[in-house]
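Q: I am sharing my_file.txt, which consists of compact mmCIF, C-alpha atoms (C1' of nucleotides):
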# COMPACT_ATOMS: atom_id res chain seq x y z
CA MET V 2 -38.49 90.29 116.65
CA ARG V 3 -36.45 88.38 114.09
CA GLU V 4 -35.54 90.09 110.85
CA ASN V 5 -37.54 87.93 108.47
CA SER V 6 -40.72 87.88 110.48
CA THR V 7 -43.99 88.04 108.59
CA ARG V 8 -44.48 91.57 109.81
CA GLU V 9 -41.17 92.66 108.32
CA GLN V 10 -41.92 90.86 105.08
CA ILE V 11 -45.23 92.66 104.83
CA ILE V 12 -43.54 96.01 105.32
CA THR V 13 -40.93 95.15 102.72
CA ALA V 14 -43.51 94.13 100.12
CA ALA V 15 -45.73 97.11 100.90
CA ASP V 16 -42.78 99.48 100.66
CA ASP V 17 -41.99 98.22 97.19
CA LEU V 18 -45.59 98.16 95.99
CA PHE V 19 -46.43 101.60 97.39
CA TYR V 20 -43.46 102.90 95.44
CA ARG V 21 -44.26 101.16 92.17
CA GLN V 22 -48.07 101.39 92.19
CA GLY V 23 -48.84 104.08 94.72
CA PHE V 24 -50.53 103.68 98.10
CA GLU V 25 -54.18 103.78 97.07
CA GLN V 26 -53.65 101.54 94.09
CA THR V 27 -51.99 98.83 96.16
CA THR V 28 -54.45 96.34 97.68
CA PHE V 29 -54.14 93.88 100.53
CA ALA V 30 -54.34 91.14 97.92
CA ASP V 31 -51.28 92.58 96.13
CA ILE V 32 -49.22 92.56 99.30
CA ALA V 33 -50.47 89.12 100.33
CA GLU V 34 -49.48 87.66 96.99
CA ALA V 35 -46.05 89.27 97.14
CA VAL V 36 -45.39 87.89 100.61
CA GLY V 37 -47.10 84.56 99.99
CA ILE V 38 -49.53 84.68 102.90
CA SER V 39 -53.28 84.70 103.31
CA ARG V 40 -55.21 87.90 102.96
CA GLY V 41 -56.93 87.50 106.30
CA ASN V 42 -53.65 87.25 108.10
CA PHE V 43 -53.07 91.00 107.82
CA TYR V 44 -55.44 91.90 110.60
CA TYR V 45 -53.23 90.15 113.12
CA HIS V 46 -50.23 92.35 112.27
CA PHE V 47 -51.92 95.58 111.18
CA LYS V 48 -55.40 96.77 112.03
CA THR V 49 -55.74 99.06 109.01
CA LYS V 50 -54.06 99.88 105.72
CA GLY V 51 -52.99 103.16 107.26
CA GLU V 52 -51.00 101.28 109.88
CA ILE V 53 -49.06 99.51 107.14
CA LEU V 54 -48.30 102.86 105.55
CA GLU V 55 -47.20 104.16 108.91
CA ALA V 56 -44.80 101.25 109.30
CA VAL V 57 -43.48 101.72 105.77
CA ILE V 58 -42.81 105.40 106.35
CA LYS V 59 -41.16 104.59 109.67
CA ARG V 60 -38.81 102.20 107.93
CA ARG V 61 -38.09 104.69 105.16
CA LEU V 62 -37.23 107.25 107.79
CA ALA V 63 -34.81 104.84 109.42
CA ASN V 64 -33.24 103.77 106.12
CA THR V 65 -32.87 107.38 105.02
CA GLN V 66 -31.27 108.32 108.29
CA ASP V 67 -28.82 105.44 107.93
CA MET V 68 -27.92 106.58 104.42
CA LEU V 69 -27.36 110.14 105.57
CA ASP V 70 -25.23 108.94 108.48
CA GLN V 71 -23.19 106.85 106.09
CA TRP V 72 -22.58 109.80 103.79
CA GLU V 73 -21.39 111.78 106.76
CA ALA V 74 -19.12 108.96 107.81
CA GLU V 75 -17.69 108.48 104.34
CA SER V 76 -16.48 112.04 104.01
CA SER V 77 -15.78 114.91 106.32
CA GLU V 78 -16.19 117.39 103.47
CA PRO V 79 -19.72 118.85 103.34
CA LEU V 80 -19.28 119.50 99.63
CA GLU V 81 -18.57 115.84 98.98
CA ARG V 82 -21.44 114.81 101.22
CA ILE V 83 -23.88 116.89 99.23
CA ARG V 84 -22.47 115.36 96.06
CA SER V 85 -23.49 111.98 97.46
CA PHE V 86 -27.04 113.27 97.66
CA VAL V 87 -26.99 114.48 94.07
CA ARG V 88 -25.54 111.21 92.83
CA ILE V 89 -28.50 109.13 93.99
CA LEU V 90 -30.20 110.51 90.88
CA ILE V 91 -27.61 108.60 88.88
CA GLY V 92 -27.47 105.54 91.08
CA ASN V 93 -31.26 105.13 91.03
CA ARG V 94 -31.72 106.51 87.54
CA GLY V 95 -33.50 103.45 86.20
CA LYS V 96 -35.92 103.21 89.10
CA ILE V 97 -36.58 106.93 89.03
CA MET V 98 -37.36 106.91 85.32
CA ARG V 99 -39.79 104.04 85.86
CA HIS V 100 -41.49 105.11 89.08
CA GLY V 101 -40.27 108.57 90.06
CA CYS V 102 -38.67 109.53 93.36
CA PRO V 103 -40.03 107.42 96.24
CA VAL V 104 -40.09 110.43 98.52
CA GLY V 105 -41.65 112.91 96.13
CA THR V 106 -44.27 110.63 94.63
CA LEU V 107 -45.54 109.54 98.03
CA CYS V 108 -45.74 113.13 99.27
CA ALA V 109 -47.60 114.13 96.13
CA GLU V 110 -50.09 111.27 96.37
CA LEU V 111 -50.85 111.73 100.05
CA ALA V 112 -51.18 115.48 99.60
CA LYS V 113 -53.97 114.91 97.07
CA LEU V 114 -55.71 112.42 99.32
CA GLU V 115 -55.38 114.78 102.25
CA HIS V 116 -54.35 111.62 104.00
CA LEU V 117 -53.72 111.31 107.71
CA GLN V 118 -50.14 110.15 107.09
CA ARG V 119 -49.41 113.17 104.93
CA ASP V 120 -47.22 114.80 107.54
CA ALA V 121 -45.39 111.54 108.16
CA ALA V 122 -44.53 111.28 104.46
CA ASN V 123 -43.26 114.85 104.46
CA GLU V 124 -40.96 113.96 107.32
CA VAL V 125 -38.85 111.84 104.99
CA MET V 126 -38.31 114.85 102.79
CA THR V 127 -37.64 116.96 105.85
CA LEU V 128 -34.94 114.52 106.86
CA PHE V 129 -33.12 115.35 103.62
CA ARG V 130 -33.90 119.04 104.02
CA ASN V 131 -32.40 119.32 107.48
CA TRP V 132 -29.41 117.20 106.62
CA LEU V 133 -28.68 119.30 103.53
CA ARG V 134 -29.17 122.46 105.56
CA ARG V 135 -26.52 121.33 108.01
CA GLN V 136 -24.11 120.51 105.20
CA PHE V 137 -24.60 123.90 103.56
CA ALA V 138 -24.18 125.58 106.91
CA ALA V 139 -20.88 123.75 107.26
CA LEU V 140 -19.98 125.14 103.86
CA ARG V 141 -20.01 128.59 105.45
CA HIS V 142 -23.50 129.26 104.14
CA GLU V 143 -25.04 129.59 107.58
CA ALA V 144 -27.33 132.44 106.56
CA ASP V 145 -28.91 130.81 103.51
CA ALA V 146 -28.40 127.15 104.35
CA ASP V 147 -32.10 126.35 104.34
CA VAL V 148 -32.70 128.24 101.11
CA LEU V 149 -29.95 126.26 99.44
CA ALA V 150 -31.23 123.00 100.86
CA MET V 151 -34.73 123.72 99.57
CA HIS V 152 -33.32 124.72 96.20
CA LEU V 153 -31.45 121.45 95.88
CA LEU V 154 -34.49 119.49 97.04
CA ALA V 155 -36.68 121.16 94.44
CA ARG V 156 -34.15 120.67 91.67
CA SER V 157 -33.88 116.98 92.49
CA GLN V 158 -37.62 116.49 92.69
CA GLY V 159 -38.12 118.30 89.40
CA ILE V 160 -35.54 116.14 87.68
CA ALA V 161 -37.15 112.98 89.03
CA LEU V 162 -40.65 114.02 87.99
CA VAL V 163 -39.67 115.03 84.45
CA ALA V 164 -37.45 111.96 84.07
CA ASN V 165 -40.42 109.81 85.06
CA ALA V 166 -42.60 111.51 82.47
CA TYR V 167 -40.18 111.34 79.55
CA GLN V 168 -37.80 108.51 80.48
CA GLU V 169 -34.81 110.15 78.78
CA GLU V 170 -31.52 109.03 80.31
CA ASN V 171 -29.50 111.87 78.84
CA PHE V 172 -31.72 114.38 80.55
CA VAL V 173 -30.92 113.02 84.01
CA ASP V 174 -27.19 112.95 83.31
CA ALA V 175 -27.13 116.49 81.94
CA GLU V 176 -29.15 117.85 84.85
CA VAL V 177 -26.97 116.12 87.42
CA GLU V 178 -23.87 117.65 85.83
CA GLN V 179 -25.47 121.08 86.03
CA LEU V 180 -26.37 120.42 89.62
CA LEU V 181 -22.78 119.47 90.47
CA ASP V 182 -21.53 122.60 88.71
CA TRP V 183 -23.97 124.70 90.69
CA LEU V 184 -22.74 123.02 93.84
CA ASP V 185 -19.11 123.81 93.05
CA ALA V 186 -20.00 127.42 92.32
CA CYS V 187 -21.90 127.49 95.58
CA ALA V 188 -18.87 126.32 97.53
CA SER V 189 -16.24 128.44 95.83
CA GLN V 190 -18.42 131.54 95.91
CA ARG V 191 -18.40 131.51 99.68
CA THR V 192 -14.77 130.52 99.99
CA HIS V 193 -13.64 133.47 97.89
CA ALA V 194 -15.99 135.91 99.55
CA GLU V 195 -14.46 135.74 102.98
CA MET D 25 -73.11 122.41 71.07
CA ARG D 26 -73.82 125.28 73.41
CA GLU D 27 -71.16 126.27 75.90
CA ASN D 28 -73.02 125.38 79.09
CA SER D 29 -74.21 122.00 77.96
CA THR D 30 -74.24 119.21 80.52
CA ARG D 31 -71.30 117.63 78.78
CA GLU D 32 -69.23 120.77 79.18
CA GLN D 33 -70.29 121.12 82.79
CA ILE D 34 -69.19 117.56 83.47
CA ILE D 35 -65.79 118.23 81.94
CA THR D 36 -65.44 121.44 83.97
CA ALA D 37 -66.29 119.73 87.24
CA ALA D 38 -64.10 116.71 86.46
CA ASP D 39 -61.21 118.97 85.50
CA ASP D 40 -61.40 120.70 88.85
CA LEU D 41 -61.88 117.52 90.88
CA PHE D 42 -59.14 115.60 89.08
CA TYR D 43 -56.82 118.45 89.97
CA ARG D 44 -57.83 118.75 93.60
CA GLN D 45 -58.40 115.08 94.47
CA GLY D 46 -56.63 113.19 91.73
CA PHE D 47 -58.17 111.05 89.00
CA GLU D 48 -58.55 107.76 90.85
CA GLN D 49 -59.84 109.38 94.00
CA THR D 50 -62.59 111.25 92.13
CA THR D 51 -65.80 109.23 91.77
CA PHE D 52 -68.77 109.61 89.47
CA ALA D 53 -70.76 110.59 92.54
CA ASP D 54 -68.35 113.47 93.21
CA ILE D 55 -68.73 114.83 89.72
CA ALA D 56 -72.48 114.32 89.70
CA GLU D 57 -72.87 116.24 92.92
CA ALA D 58 -70.68 119.07 91.66
CA VAL D 59 -72.71 119.39 88.46
CA GLY D 60 -76.05 118.71 90.11
CA ILE D 61 -77.14 115.81 87.92
CA SER D 62 -77.96 112.17 88.42
CA ARG D 63 -75.20 109.61 88.59
CA GLY D 64 -76.77 107.46 85.91
CA ASN D 65 -76.80 110.30 83.46
CA PHE D 66 -73.07 109.98 82.82
CA TYR D 67 -73.37 107.00 80.58
CA TYR D 68 -75.21 109.05 78.00
CA HIS D 69 -72.32 111.50 77.65
CA PHE D 70 -69.33 109.29 78.45
CA LYS D 71 -69.10 105.53 78.27
CA THR D 72 -66.25 105.20 80.78
CA LYS D 73 -64.34 107.22 83.33
CA GLY D 74 -61.37 107.12 80.98
CA GLU D 75 -63.42 108.99 78.38
CA ILE D 76 -64.03 111.78 80.86
CA LEU D 77 -60.30 111.95 81.54
CA GLU D 78 -59.69 112.04 77.83
CA ALA D 79 -62.05 114.98 77.43
CA VAL D 80 -60.48 116.77 80.39
CA ILE D 81 -56.98 116.38 78.95
CA LYS D 82 -58.24 117.53 75.56
CA ARG D 83 -59.61 120.68 77.12
CA ARG D 84 -56.41 121.26 79.09
CA LEU D 85 -54.45 120.91 75.88
CA ALA D 86 -56.65 123.51 74.21
CA ASN D 87 -56.53 125.90 77.18
CA THR D 88 -52.77 125.54 77.42
CA GLN D 89 -52.34 126.20 73.74
CA ASP D 90 -54.49 129.31 74.06
CA MET D 91 -52.36 130.54 76.94
CA LEU D 92 -49.15 129.96 75.02
CA ASP D 93 -50.56 131.72 71.98
CA GLN D 94 -51.54 134.64 74.14
CA TRP D 95 -48.06 134.91 75.62
CA GLU D 96 -46.66 134.96 72.12
CA ALA D 97 -49.13 137.64 71.11
CA GLU D 98 -48.44 139.79 74.15
CA SER D 99 -44.74 140.06 73.47
CA SER D 100 -42.43 139.56 70.54
CA GLU D 101 -39.47 139.07 72.89
CA PRO D 102 -38.78 135.40 73.58
CA LEU D 103 -37.17 136.35 76.88
CA GLU D 104 -40.32 138.08 78.03
CA ARG D 105 -42.45 135.19 76.80
CA ILE D 106 -40.48 132.74 78.89
CA ARG D 107 -40.87 135.07 81.85
CA SER D 108 -44.64 134.70 81.42
CA PHE D 109 -44.20 130.97 81.84
CA VAL D 110 -42.16 131.40 85.02
CA ARG D 111 -44.65 133.83 86.46
CA ILE D 112 -47.51 131.35 86.48
CA LEU D 113 -45.79 129.98 89.59
CA ILE D 114 -46.58 133.31 91.22
CA GLY D 115 -50.00 133.80 89.69
CA ASN D 116 -51.13 130.33 90.75
CA ARG D 117 -49.07 130.20 93.89
CA GLY D 118 -52.01 129.54 96.20
CA LYS D 119 -53.45 126.75 94.08
CA ILE D 120 -50.04 125.19 93.59
CA MET D 121 -49.31 125.18 97.31
CA ARG D 122 -52.65 123.51 97.94
CA HIS D 123 -52.77 121.00 95.10
CA GLY D 124 -49.48 121.10 93.20
CA CYS D 125 -49.06 121.73 89.49
CA PRO D 126 -52.04 120.42 87.48
CA VAL D 127 -49.74 119.17 84.75
CA GLY D 128 -47.13 117.52 86.93
CA THR D 129 -49.45 115.90 89.44
CA LEU D 130 -51.58 114.31 86.72
CA CYS D 131 -48.52 112.98 84.90
CA ALA D 132 -47.17 111.57 88.14
CA GLU D 133 -50.45 109.90 89.07
CA LEU D 134 -51.08 108.34 85.67
CA ALA D 135 -47.47 107.17 85.46
CA LYS D 136 -47.96 105.14 88.66
CA LEU D 137 -51.23 103.70 87.43
CA GLU D 138 -49.63 102.86 84.09
CA HIS D 139 -52.86 104.30 82.79
CA LEU D 140 -53.91 104.27 79.16
CA GLN D 141 -54.15 108.05 79.13
CA ARG D 142 -50.62 108.42 80.42
CA ASP D 143 -49.27 109.59 77.08
CA ALA D 144 -52.14 112.01 76.68
CA ALA D 145 -51.30 113.60 80.03
CA ASN D 146 -47.67 113.91 79.04
CA GLU D 147 -48.74 115.77 75.92
CA VAL D 148 -49.74 118.74 78.04
CA MET D 149 -46.24 118.91 79.42
CA THR D 150 -44.85 118.42 75.94
CA LEU D 151 -46.86 121.42 74.79
CA PHE D 152 -44.91 123.54 77.26
CA ARG D 153 -41.68 121.79 76.37
CA ASN D 154 -41.94 122.46 72.66
CA TRP D 155 -43.13 126.01 73.15
CA LEU D 156 -40.23 126.76 75.51
CA ARG D 157 -37.84 125.10 73.09
CA ARG D 158 -38.97 127.42 70.33
CA GLN D 159 -38.56 130.45 72.58
CA PHE D 160 -35.05 129.44 73.60
CA ALA D 161 -34.17 128.78 69.99
CA ALA D 162 -35.34 132.29 69.19
CA LEU D 163 -32.99 133.45 71.94
CA ARG D 164 -30.10 132.23 69.79
CA HIS D 165 -29.88 129.00 71.78
CA GLU D 166 -30.73 126.80 68.81
CA ALA D 167 -28.23 124.11 69.78
CA ASP D 168 -29.37 123.61 73.36
CA ALA D 169 -32.93 124.88 73.14
CA ASP D 170 -34.45 121.56 74.22
CA VAL D 171 -31.98 121.14 77.06
CA LEU D 172 -32.89 124.57 78.37
CA ALA D 173 -36.60 123.91 77.95
CA MET D 174 -36.31 120.66 79.90
CA HIS D 175 -34.25 122.38 82.56
CA LEU D 176 -36.89 125.05 83.03
CA LEU D 177 -39.65 122.46 83.06
CA ALA D 178 -37.88 120.46 85.73
CA ARG D 179 -37.15 123.51 87.85
CA SER D 180 -40.79 124.54 87.71
CA GLN D 181 -42.08 121.07 88.53
CA GLY D 182 -39.67 120.78 91.42
CA ILE D 183 -40.76 124.10 92.85
CA ALA D 184 -44.41 123.13 92.57
CA LEU D 185 -43.90 119.74 94.22
CA VAL D 186 -41.88 121.09 97.14
CA ALA D 187 -44.24 124.04 97.55
CA ASN D 188 -47.13 121.58 97.75
CA ALA D 189 -45.33 119.59 100.42
CA TYR D 190 -44.28 122.49 102.64
CA GLN D 191 -46.69 125.29 101.73
CA GLU D 192 -44.12 128.03 102.28
CA GLU D 193 -44.86 131.15 100.24
CA ASN D 194 -41.41 132.62 100.59
CA PHE D 195 -39.90 129.54 99.03
CA VAL D 196 -41.87 129.99 95.82
CA ASP D 197 -41.01 133.67 95.58
CA ALA D 198 -37.31 133.08 96.19
CA GLU D 199 -37.14 130.27 93.66
CA VAL D 200 -38.96 132.29 91.00
CA GLU D 201 -36.49 135.12 91.46
CA GLN D 202 -33.62 132.71 91.02
CA LEU D 203 -35.30 131.34 87.93
CA LEU D 204 -35.67 134.81 86.44
CA ASP D 205 -32.02 135.54 87.20
CA TRP D 206 -31.02 132.30 85.52
CA LEU D 207 -33.13 133.30 82.55
CA ASP D 208 -31.43 136.70 82.25
CA ALA D 209 -28.02 135.07 82.47
CA CYS D 210 -29.14 132.63 79.83
CA ALA D 211 -30.11 135.41 77.45
CA SER D 212 -27.13 137.69 78.01
CA GLN D 213 -24.66 134.83 77.88
CA ARG D 214 -25.60 134.11 74.31
CA THR D 215 -25.87 137.75 73.32
CA HIS D 216 -22.34 138.49 74.49
CA ALA D 217 -20.90 135.32 73.03
CA GLU D 218 -21.56 136.17 69.42
C1' DC J 30 -45.97 64.95 126.33
C1' DA J 31 -49.48 68.45 127.56
C1' DC J 32 -50.94 73.00 127.60
C1' DT J 33 -51.03 77.68 126.34
C1' DA J 34 -50.07 81.56 123.46
C1' DA J 35 -48.80 83.09 119.00
C1' DT J 36 -49.71 82.89 114.27
C1' DT J 37 -52.12 81.73 110.09
C1' DA J 38 -55.83 80.51 106.62
C1' DG J 39 -60.11 81.15 104.70
C1' DG J 40 -63.88 83.37 104.13
C1' DA J 41 -67.99 86.45 105.56
C1' DC J 42 -69.71 91.12 105.70
C1' DG J 43 -70.90 95.65 104.35
C1' DT J 44 -69.56 99.33 101.47
C1' DT J 45 -68.18 101.67 97.42
C1' DC J 46 -67.44 102.01 92.76
C1' DG J 47 -67.79 101.84 87.57
C1' DT J 48 -70.91 100.31 84.41
C1' DC J 49 -75.17 99.64 82.30
C1' DC J 50 -80.31 99.28 81.62
C1' DT J 51 -84.87 101.26 81.35
C1' DA J 52 -88.61 104.20 82.05
C1' DA J 53 -89.76 108.93 82.16
C1' DC J 54 -89.33 113.68 80.73
C1' DA J 55 -88.33 117.70 77.52
C1' DC J 56 -88.16 119.75 73.30
C1' DC J 57 -89.29 120.33 68.57
C1' DA J 58 -91.05 119.52 63.92
C1' DA J 59 -95.02 118.12 61.15
C1' DT Y 7 -101.83 117.16 69.05
C1' DT Y 8 -98.76 113.59 67.74
C1' DG Y 9 -94.57 111.33 67.07
C1' DG Y 10 -89.73 111.14 67.44
C1' DT Y 11 -85.33 112.39 69.13
C1' DG Y 12 -82.42 114.02 72.64
C1' DT Y 13 -81.71 114.01 77.52
C1' DT Y 14 -82.26 112.75 82.31
C1' DA Y 15 -83.26 110.15 86.74
C1' DG Y 16 -83.03 106.26 89.42
C1' DG Y 17 -81.54 102.20 90.38
C1' DA Y 18 -79.74 97.35 89.36
C1' DC Y 19 -75.65 94.60 88.86
C1' DG Y 20 -71.30 92.47 89.63
C1' DA Y 21 -66.71 93.19 91.01
C1' DA Y 22 -63.26 94.78 94.16
C1' DC Y 23 -61.93 96.29 98.43
C1' DG Y 24 -60.95 97.10 103.55
C1' DT Y 25 -62.25 95.10 107.59
C1' DC Y 26 -63.20 91.65 110.78
C1' DC Y 27 -64.38 86.99 112.76
C1' DT Y 28 -63.28 82.15 113.79
C1' DA Y 29 -61.37 77.77 113.47
C1' DA Y 30 -57.13 75.46 112.54
C1' DT Y 31 -52.28 75.17 112.92
C1' DT Y 32 -47.79 76.07 114.76
C1' DA Y 33 -44.38 77.23 118.16
C1' DG Y 34 -42.83 77.68 122.75
C1' DT Y 35 -42.79 76.35 127.67
C1' DG Y 36 -43.40 73.58 131.76
Is it possible to give me this structure as structure tokens?

A:
Amino acid sequence: MRENSTREQIITAADDLFYRQGFEQTTFADIAEAVGISRGNFYYHFKTKGEILEAVIKRRLANTQDMLDQWEAESSEPLERIRSFVRILIGNRGKIMRHGCPVGTLCAELAKLEHLQRDAANEVMTLFRNWLRRQFAALRHEADADVLAMHLLARSQGIALVANAYQEENFVDAEVEQLLDWLDACASQRTHAE
Amino acid sequence: MRENSTREQIITAADDLFYRQGFEQTTFADIAEAVGISRGNFYYHFKTKGEILEAVIKRRLANTQDMLDQWEAESSEPLERIRSFVRILIGNRGKIMRHGCPVGTLCAELAKLEHLQRDAANEVMTLFRNWLRRQFAALRHEADADVLAMHLLARSQGIALVANAYQEENFVDAEVEQLLDWLDACASQRTHAE
DNA sequence: CACTAATTAGGACGTTCGTCCTAACACCAA
DNA sequence: TTGGTGTTAGGACGAACGTCCTAATTAGTG
């Protein structure tokens, strides 16, 4: 159960390759080369390619949950917490322009394949959705918290997809600023309305 | 050069299958079965699978251009023209929930494959981008016409991607309404500012 | 050290796919 | 009818892939 076990290395390499090349496009040979092990060795750790995907999604779920927990720990202000979410578009700007959003691109690919793990991939997005919903609810937006969460999700996904297509840095920056403005308006609107 | 030639039928079937299953996931056998011809017959019309994709994108470019031209012909008001763009999210809501946006999903897939036709796929999106830019410019938003066009593109793509993941009709409707409100604010803001 | 279980390497196997060849068929002009 | 061109069917071919088996190696335990 050590951290750098072969199994963990396989998941790490697969996670990266699934993101950069997509699930279907990534072969056992690709992962084997990245880890530095034999191709036949896979069967001992994972019976099928789907099991590797399952493990990758499981790890992404855990990592995402950790990140969300950290954002909650770093600030008690829901507004600031949501800003942390928006800012990952800046922090990961380079990666997003090259390969898109890891969450969105995987959901999109598995949706087209009507893959068994489709629901599992969606769970990662749902993790963000529910977390954002709780933050908006804490912002006194109980009634439309889910609508706002979905809106922010969609805006982020749209930015990532278009950024991936055109690779224009300024676009991401400008959109993030608009998103932060929208967020401020969102917060103050409810504060003044009471 | 007749309309229902085998070549045209192949492009039609490939267009549909690429949309529903993705490019990589669609095989020659799939297309052959859909058209009702032999698998070996492809080589006479297209040398490679990439050539089929090329023809499909070419047709999509033409169809898109026709649609944009029609929107321009139907109304002389740029605001109303842009509304036509937004409303395709409603008109194609069912298809989008099932398979995503044809433009966005193809761009996303080819970006991951670093495919040769990647730029060609982006051209379809650019067709919308430039058309929207011209409409916003006509709305007295000359200075930020491209920024607004990109914003609308991203919003639309985000809605399509999230709708595809969650398949919630209400979400699409609510987002489209917000988009139309944003559009109205966009138009009146500039009108009142002069 | 000896023995057992865990782990790995290498490759076989069957399938699927894109590509390509060739013989046969259809249509049309002379 | 005859000849030629356009079109189609069927299958061959090699490569790539996921899967699976087995022998060899390593690590852990008494």

Q: Using all atoms listed in the file, list the residues that have an atom at most 10 Å from (-85.9, 103.0, 80.6), coordinates as in the file, as a list in words.

A: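 Here is the list of nearby residues: DC50, DT51, DA52 and DA53 of chain J; DA15 and DG16 of chain Y.
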
Q: Keeping only C-alpha atoms (C1' of nucleotides), write the selected residues to a file as an mmCIF file, in the coordinates of the input.

A:
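What landed in selection-v2.cif:
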data_model
loop_
_atom_site.group_PDB
_atom_site.id
_atom_site.type_symbol
_atom_site.label_atom_id
_atom_site.label_comp_id
_atom_site.auth_asym_id
_atom_site.auth_seq_id
_atom_site.Cartn_x
_atom_site.Cartn_y
_atom_site.Cartn_z
ATOM 1 C "C1'" DC J 50 -80.310 99.280 81.620
ATOM 2 C "C1'" DT J 51 -84.870 101.260 81.350
ATOM 3 C "C1'" DA J 52 -88.610 104.200 82.050
ATOM 4 C "C1'" DA J 53 -89.760 108.930 82.160
ATOM 5 C "C1'" DA Y 15 -83.260 110.150 86.740
ATOM 6 C "C1'" DG Y 16 -83.030 106.260 89.420
#

Q: Residues at most 10 Å from V:Asp16, counting all atoms listed in the file, excluding those fewer than 6 positions away in the same chain, as JSON, numbers by chain?

A: {"V": [10, 23, 24, 32, 53, 54, 56, 57, 58, 60, 61, 103]}

Q: Do me a favour and pick out the residues of chain J within 9 Å of chain D, using all atoms listed in the file, as a compact mmCIF listing (two decimals) with C-alpha atoms (C1' of nucleotides), keeping the file's coordinate frame.

A:
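Written out: iface.txt:
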# COMPACT_ATOMS: atom_id res chain seq x y z
C1' DC J 46 -67.44 102.01 92.76
C1' DG J 47 -67.79 101.84 87.57
C1' DT J 48 -70.91 100.31 84.41
C1' DC J 49 -75.17 99.64 82.30

Q: Give me, as an MDAnalysis selection string, the residues of chain D touching chain V, with the criterion being at most 8 Å (counting all atoms listed in the file).

A: chainID D and resid 44:46 49 123:124 128:129 131:133 135:137 146 171 174:175 177:183 185:186 188:190 195 199

Q: What does the file look like for those residues with C-alpha atoms, as a PDB file, in the frame of the given file?

A:
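Okay, this is what ended up in again-v8.pdb:
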ATOM      1  CA  ARG D  44     -57.830 118.750  93.600  1.00  0.00           C
ATOM      2  CA  GLN D  45     -58.400 115.080  94.470  1.00  0.00           C
ATOM      3  CA  GLY D  46     -56.630 113.190  91.730  1.00  0.00           C
ATOM      4  CA  GLN D  49     -59.840 109.380  94.000  1.00  0.00           C
ATOM      5  CA  HIS D 123     -52.770 121.000  95.100  1.00  0.00           C
ATOM      6  CA  GLY D 124     -49.480 121.100  93.200  1.00  0.00           C
ATOM      7  CA  GLY D 128     -47.130 117.520  86.930  1.00  0.00           C
ATOM      8  CA  THR D 129     -49.450 115.900  89.440  1.00  0.00           C
ATOM      9  CA  CYS D 131     -48.520 112.980  84.900  1.00  0.00           C
ATOM     10  CA  ALA D 132     -47.170 111.570  88.140  1.00  0.00           C
ATOM     11  CA  GLU D 133     -50.450 109.900  89.070  1.00  0.00           C
ATOM     12  CA  ALA D 135     -47.470 107.170  85.460  1.00  0.00           C
ATOM     13  CA  LYS D 136     -47.960 105.140  88.660  1.00  0.00           C
ATOM     14  CA  LEU D 137     -51.230 103.700  87.430  1.00  0.00           C
ATOM     15  CA  ASN D 146     -47.670 113.910  79.040  1.00  0.00           C
ATOM     16  CA  VAL D 171     -31.980 121.140  77.060  1.00  0.00           C
ATOM     17  CA  MET D 174     -36.310 120.660  79.900  1.00  0.00           C
ATOM     18  CA  HIS D 175     -34.250 122.380  82.560  1.00  0.00           C
ATOM     19  CA  LEU D 177     -39.650 122.460  83.060  1.00  0.00           C
ATOM     20  CA  ALA D 178     -37.880 120.460  85.730  1.00  0.00           C
ATOM     21  CA  ARG D 179     -37.150 123.510  87.850  1.00  0.00           C
ATOM     22  CA  SER D 180     -40.790 124.540  87.710  1.00  0.00           C
ATOM     23  CA  GLN D 181     -42.080 121.070  88.530  1.00  0.00           C
ATOM     24  CA  GLY D 182     -39.670 120.780  91.420  1.00  0.00           C
ATOM     25  CA  ILE D 183     -40.760 124.100  92.850  1.00  0.00           C
ATOM     26  CA  LEU D 185     -43.900 119.740  94.220  1.00  0.00           C
ATOM     27  CA  VAL D 186     -41.880 121.090  97.140  1.00  0.00           C
ATOM     28  CA  ASN D 188     -47.130 121.580  97.750  1.00  0.00           C
ATOM     29  CA  ALA D 189     -45.330 119.590 100.420  1.00  0.00           C
ATOM     30  CA  TYR D 190     -44.280 122.490 102.640  1.00  0.00           C
ATOM     31  CA  PHE D 195     -39.900 129.540  99.030  1.00  0.00           C
ATOM     32  CA  GLU D 199     -37.140 130.270  93.660  1.00  0.00           C
TER      33      GLU D 199
END

Q: Can I get the residues of chain D within 9 Å of chain Y, each with the closest pair of atoms and their distance in Å to one decimal, using all atoms listed in the file, sorted chain first then ascending number, as CSV?

A:
residue,atom,partner,partner_atom,distance
D:Ile61,CA,Y:DT14,C1',8.2
D:Ser62,CA,Y:DA15,C1',5.9
D:Arg63,CA,Y:DA15,C1',8.3
D:Gly64,CA,Y:DA15,C1',7.1
D:Asn65,CA,Y:DT14,C1',6.1
D:Tyr68,CA,Y:DT13,C1',8.2
